[in-house]
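Trainee: Provided herewith is a single structure, encoded as structure tokens, for subsequent inquiry.
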Amino acid sequence: MGLIGVPAGAAPGGHSALPFGARQLDAKAQRNARAAAATGAFRPAGQGSGGEADEIQEGADQRAEARTSPGAVAPGAFAAAWAQLRALPQAGGDWKHLTGLPYDSDDPRYRDISSNSSAGMGKVTGRMAAVAADDHGTVYAGSAGGGVWRSTTGGGHWQPISDKLPTQATGALALDGRGRLWLGTGEAVTSSDGYLGAGVYVLAHPEDGQFSARSRVGGAELDSTTIHAIRFGGDRAWAATSQGVWSHSLSDLSGPWQLEFAPNPEYLHGGSKAADPNAPYKNLTSDIAIDPRDPSKVVLAVGWRGGDPSNGFYTKVDGSWQRLGGSLGDLPSGAADVGSVTFARSADGSRYYAIDQSPAQQASDPNSGLAGIFVSKSGSPLGPWTRIADYHKLAAAGSALTQAGDQPGLQSWYDQSLQVDPTNPDHLYAGLEEVFETTDGGASWKTAGPYWNFTFSCWSIDPHKQSGDCPPTTHPDQHGLAVGSYHGHPYLIAGNDGGLYRRPLTGQTDASGHATDWTSLNDGTIDSLQYYSVGIGKDPSGRGVAVTGGLQDNGQSMLRPHDTVMGSNFGGDGGDTLTDPANGCNLAQEYVYLAIQVTQNCGVNDGAWATDPGKATSWNVAPPDNALGGAGARFIAPLGVDLGNDNAWVAGGRHVWVQNQGYAIRSGSAWTSAYDLGDGHVATAVAASGGKVYAAWCGPCNNQGFTRGIAVGNADGTGWQQLALPADGLVPNRYLSGLTIDPADPAHVYLAVNGFSRHWTEGPGAGVGHVFETRDAGAHWSDISANLPDVPADSLAVTPGGGLALATDIGVLYRPAGRTGWQRLGELPAVAVDQLKFGPDGRLYAATHGRGLWALRLDESDS
């Protein structure tokens, strides 16, 4: 539910009585409609139209940029880094999992003006990219960044089963005819290369086994790819990847994968154009349809969601792959109208279904990019295909998305899934932003899982109810659907940006067509929460610390001492976080693009602000760059506090912003610009101590002309200069992700560098090294990476004993004071750690992007 930024300085009294997300949805829809009316066209996702679809793509693309710029990453990078990590000595200390408890997005304690509590989604966890289920109660959930989880009770009581793998990014899950579970790593939901994987793995006995490195299928052919789908036909497994379509024997898993088709092979790894900035988009494939009666008849869905001349459907004719023309019926075949595609077939072979997102429609229609949902009643993927739904039909079927500028399928490049009832070929579930259901082959539809309940007459903010008189719904943004059964009772599993939900396969709906029987399966035993940040402060109760953090599409979590359930005090995407160490209820939360909100009571509110705006207890205090969207700040922009003054804050956009009111700030006008980083430049990291401010930046930030730099100056606006980083070429031309200042010396600074070295990255100036040090305010730098694994570095923290803790994409590293070598710090899965901070209790806190929050008490005495 990451929508558009709240205007800087907006007062609570200036808003309607709707909760945060509904206000932003309304504003976004109006903005899209105005843009279309003014220009006669609508810019596609990722090109600045300002909608949620833009923001989801922008956030994903920026996360990818940080890891791949200035070029593309070659196969084997993550696997090699994991091996390097495992070879390091291990420092003392054990990580304690903090977020292994339910996270209630409808927690009645937090119904403030900036919260989405009462939307109806209930307990949530992080994004699920894929799901699979059997007929014995076993459910498999593949999370975007937190690995694969298993439940043997139809959902709930989850256990992780892929922690031994070098990546926890899931792209696809599939059970073959022998009951084996296939895992395609590298998430393909969000962007072409945002969550690169390490190939395909198979678990022979998934009901009680664990994935391991030995269970990989083939060699390194699919390293550093994303995998959107795995399908089976005859004795072959097929994989739709970001590097074309590949196949492998089902009987002999040891041989290499065979490349079946890539429309532009010169752009593949090792090809003559592999370093081209457009290479990541030239061989994207989204799905494979195989005729169940004749496995030699295969249709490939090839296409980049933004459009490419190679987009289309392909089949084999006389031994070579040929694009299908107009013989498909209603299903579009032209490159402009084939984008992201999902197929599903009925168990009896009588039906094939498809969802198609149209790049051309995405670019021209402010309401939706959905070309339609289609059926082939011949059961053949070659058709003929008939359209059974478009966005108009779905919007009229009880959808919560009915306003001009935001209707079903606006995010169909991001939200796609299909599942056919195994016992009824005309009973189909379709996942877009919402869950739709038809029981008559598409003649009529219901919105079984609406986006939320805010727009329905049954909704109220009453803290005594979950969502007024509305039934619970699912979290928006559906990525996986599966049918399973337990003790003879069949059910549907929906995987989305909020985790997993279940309902009976033929369940009940109300008069509006909304299901009344959804159950959240996010019971706290599964934690795939994707944190960008963490904040820690003493709880006002005096009983411990309050811990908070910003999350992808799940707002801001609030965990206070003795809580048995976490609550959500801010809605949307939660970005960076500032927390008062002396009072954990004083906190600032970033939405996106520097849309900062502040509270001094943890955001506790019973919803009284809806009738009396003066009772709101959070304020919008965004600096002016927020109004510029992506031109003014990164999607997740950096915030910082001066080490010598808790009231002196720094925020990085195009400008370096400062304010000195601390948590008492009430308006965006309190910010002043200390420095303009320059046209096209935006901050990637900030740090301050004693009035000295450092700001790292990029611009352009992608592989099309990537540039980076560091500016340093004073908070009062004097003495600013751009450091001459290219002078000796030591600091690589890669994304600068973290700055940390020695508390004892403002001129002594550490720098964390993201991405991979030139060994793996095809791009100008990629260089080597991930951690650098200066003792003269940036005039000279030293590479202190030493024995670090070659892996993206994200954040640094100086330990109380003078050592360094480093967050990377595969865990946390530690360098003791006075040493040059790095050690593994405790044991975490191979998950990205976005931020490290020390709390007032002396513990080190880690925000992982896929496995929640963790804390460790570091013993530096024997290091």
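Chain labels run A, B, ... following the order of the structure tokens; each chain numbers its residues from 1, and ligands are numbered from 1 in the order shown.
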Show which residues sit within 6 Å of Leu173 in chain A, as an MDAnalysis selection string. Count only C-alpha atoms, and ignore same-chain residues fewer than 3 positions away.

Mentor: chainID A and resid 130 182:183

Trainee: Name all residues at most 10 Å from Ala786 in chain A (count only C-alpha atoms; drop same-chain ones fewer than 5 positions away) and give them as a list in words.

Mentor: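 My reading of the contact set: Gly769, His770, Val771, Thr820, Gly821 and Trp822 of chain A.
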
Trainee: Any chance you can output those residues with N, CA, C and O atoms as a short mmCIF file (atom, residue, chain, number, x, y, z; two decimals), in the first residue's frame?

Mentor:
```
data_model
loop_
_atom_site.label_atom_id
_atom_site.label_comp_id
_atom_site.auth_asym_id
_atom_site.auth_seq_id
_atom_site.Cartn_x
_atom_site.Cartn_y
_atom_site.Cartn_z
N GLY A 769 36.54 -3.86 -3.53
CA GLY A 769 36.40 -3.38 -2.16
C GLY A 769 34.98 -2.98 -1.80
O GLY A 769 34.18 -2.60 -2.66
N HIS A 770 34.69 -3.08 -0.47
CA HIS A 770 33.36 -2.77 0.02
C HIS A 770 33.35 -1.85 1.24
O HIS A 770 32.30 -1.28 1.56
N VAL A 771 34.48 -1.72 1.95
CA VAL A 771 34.54 -0.83 3.12
C VAL A 771 35.80 0.03 3.01
O VAL A 771 36.90 -0.48 2.77
N THR A 820 42.66 -6.25 11.35
CA THR A 820 42.39 -5.96 9.94
C THR A 820 41.46 -6.99 9.31
O THR A 820 40.86 -6.70 8.26
N GLY A 821 41.33 -8.15 9.90
CA GLY A 821 40.50 -9.21 9.34
C GLY A 821 39.07 -9.15 9.82
O GLY A 821 38.77 -8.66 10.92
N TRP A 822 38.17 -9.68 8.99
CA TRP A 822 36.74 -9.69 9.28
C TRP A 822 36.29 -11.09 9.69
O TRP A 822 36.85 -12.08 9.25
#
```

Trainee: Between A:Ala633, A:Ile56, A:Leu175, A:Leu505, single out the one closest to Val656 in chain A, counting only C-alpha atoms.

Mentor: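 Under the stated criterion, the closest residue is A:Ala633.
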
Trainee: Env of range 715-721 of chain A: 6 Å cut, atoms = only C-alpha atoms, seq-sep filter 3 positions within chain, self excluded. Answer as a PyMOL selection string.

Mentor: chain A and resi 674+691+711-712

Trainee: Out of A:Trp781, A:Gly662, A:Asp135, A:Thr455, which residue has the shortest atom-to-atom distance to Gly488 in chain A when counting only C-alpha atoms?

Mentor: A:Asp135

Trainee: When you count only C-alpha atoms, which of these residues is closest to Ala515 in chain A: A:Pro471, A:Gly137, A:Gly603, A:Gly498?

Mentor: A:Pro471

Trainee: So what do you get for CA of Pro295 in chain A versus CA of Asn424 in chain A, distance-wise?

Mentor: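 Value for the CA of Pro295 in chain A-CA of Asn424 in chain A distance: 22.5 Å.
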
Trainee: Determine, counting only C-alpha atoms, which protein, DNA and RNA residues have an atom within 10 Å of an atom of Trp854 in chain A; residues of the same chain fewer than 6 positions away are not included. Present the result as a ChimeraX atom specification.

Mentor: /A:94-100,534,828,833,836,843-848

Trainee: Which is closer to Asp834 in chain A than all the others in A:Asp612, A:Gln530, A:Cys458, A:Ala779, using only C-alpha atoms?

Mentor: A:Gln530

Trainee: Enumerate, as a list in words, the complete set of residues in range 487-639 of chain A that a backbone-based DSSP assignment places in helix (DSSP H, G or I).

Mentor: Ala608, Trp609, Ala610, Pro613, Gly614, Lys615, Pro624, Asp625, Asn626, Ala627, Leu628, Gly629, Gly630 and Ala631 of chain A

Trainee: Pull the strand (DSSP E or B) assignments for range 572-670 of chain A out of DSSP run on the backbone, and list those residues as a PyMOL selection string.

Mentor: chain A and resi 577-580+583-590+596-599+605+618-620+639-642+645-652+655-659

Trainee: Fewer than 3 positions away in the same chain doesn't count, so skip those; otherwise give me all residues within 6 Å of Val245 in chain A, counting only C-alpha atoms, as a PyMOL selection string.

Mentor: chain A and resi 239-241+260-261

Trainee: Go ahead and write the selection's residues with N, CA, C and O atoms as a PDB file, in the first residue's frame.

Mentor:
```pdb
ATOM      1  N   ALA A 239      11.883 -23.679 -17.107  1.00  0.00           N
ATOM      2  CA  ALA A 239      12.047 -22.514 -16.236  1.00  0.00           C
ATOM      3  C   ALA A 239      11.990 -21.244 -17.068  1.00  0.00           C
ATOM      4  O   ALA A 239      12.750 -21.082 -18.032  1.00  0.00           O
ATOM      5  N   ALA A 240      11.079 -20.346 -16.698  1.00  0.00           N
ATOM      6  CA  ALA A 240      11.005 -19.025 -17.314  1.00  0.00           C
ATOM      7  C   ALA A 240      11.846 -18.075 -16.463  1.00  0.00           C
ATOM      8  O   ALA A 240      11.536 -17.857 -15.290  1.00  0.00           O
ATOM      9  N   THR A 241      12.894 -17.524 -17.049  1.00  0.00           N
ATOM     10  CA  THR A 241      13.867 -16.756 -16.284  1.00  0.00           C
ATOM     11  C   THR A 241      14.104 -15.377 -16.911  1.00  0.00           C
ATOM     12  O   THR A 241      13.594 -15.068 -17.997  1.00  0.00           O
ATOM     13  N   GLU A 260      16.554 -23.180 -24.052  1.00  0.00           N
ATOM     14  CA  GLU A 260      15.576 -23.459 -25.099  1.00  0.00           C
ATOM     15  C   GLU A 260      15.404 -22.260 -26.026  1.00  0.00           C
ATOM     16  O   GLU A 260      15.376 -22.411 -27.248  1.00  0.00           O
ATOM     17  N   PHE A 261      15.270 -21.080 -25.419  1.00  0.00           N
ATOM     18  CA  PHE A 261      15.015 -19.906 -26.258  1.00  0.00           C
ATOM     19  C   PHE A 261      15.353 -18.629 -25.505  1.00  0.00           C
ATOM     20  O   PHE A 261      14.966 -18.442 -24.350  1.00  0.00           O
TER      21      PHE A 261
END
```

Trainee: Using CA of Asp625 in chain A and CA of Val682 in chain A as the two end points, give the distance in Å to one decimal.

Mentor: 9.9 Å

Trainee: One decimal, Å: what's the distance from CA of Gly709 in chain A over to CA of Asn645 in chain A, could you say?

Mentor: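 Pair CA of Gly709 in chain A / CA of Asn645 in chain A returns 26.0 Å.
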
Trainee: Excluding Asp440 in chain A and residues on its chain fewer than 3 positions from it, collect all residues at most 7 Å away from it, counting only C-alpha atoms, and give them as a ChimeraX atom specification.

Mentor: /A:426-427,443-444

Trainee: Which one of A:Gln722, A:Thr761, A:Thr447, A:Ser215 sits closest to Leu203 in chain A if you count only C-alpha atoms?

Mentor: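 With only C-alpha atoms as the atom set, the closest residue is A:Ser215.
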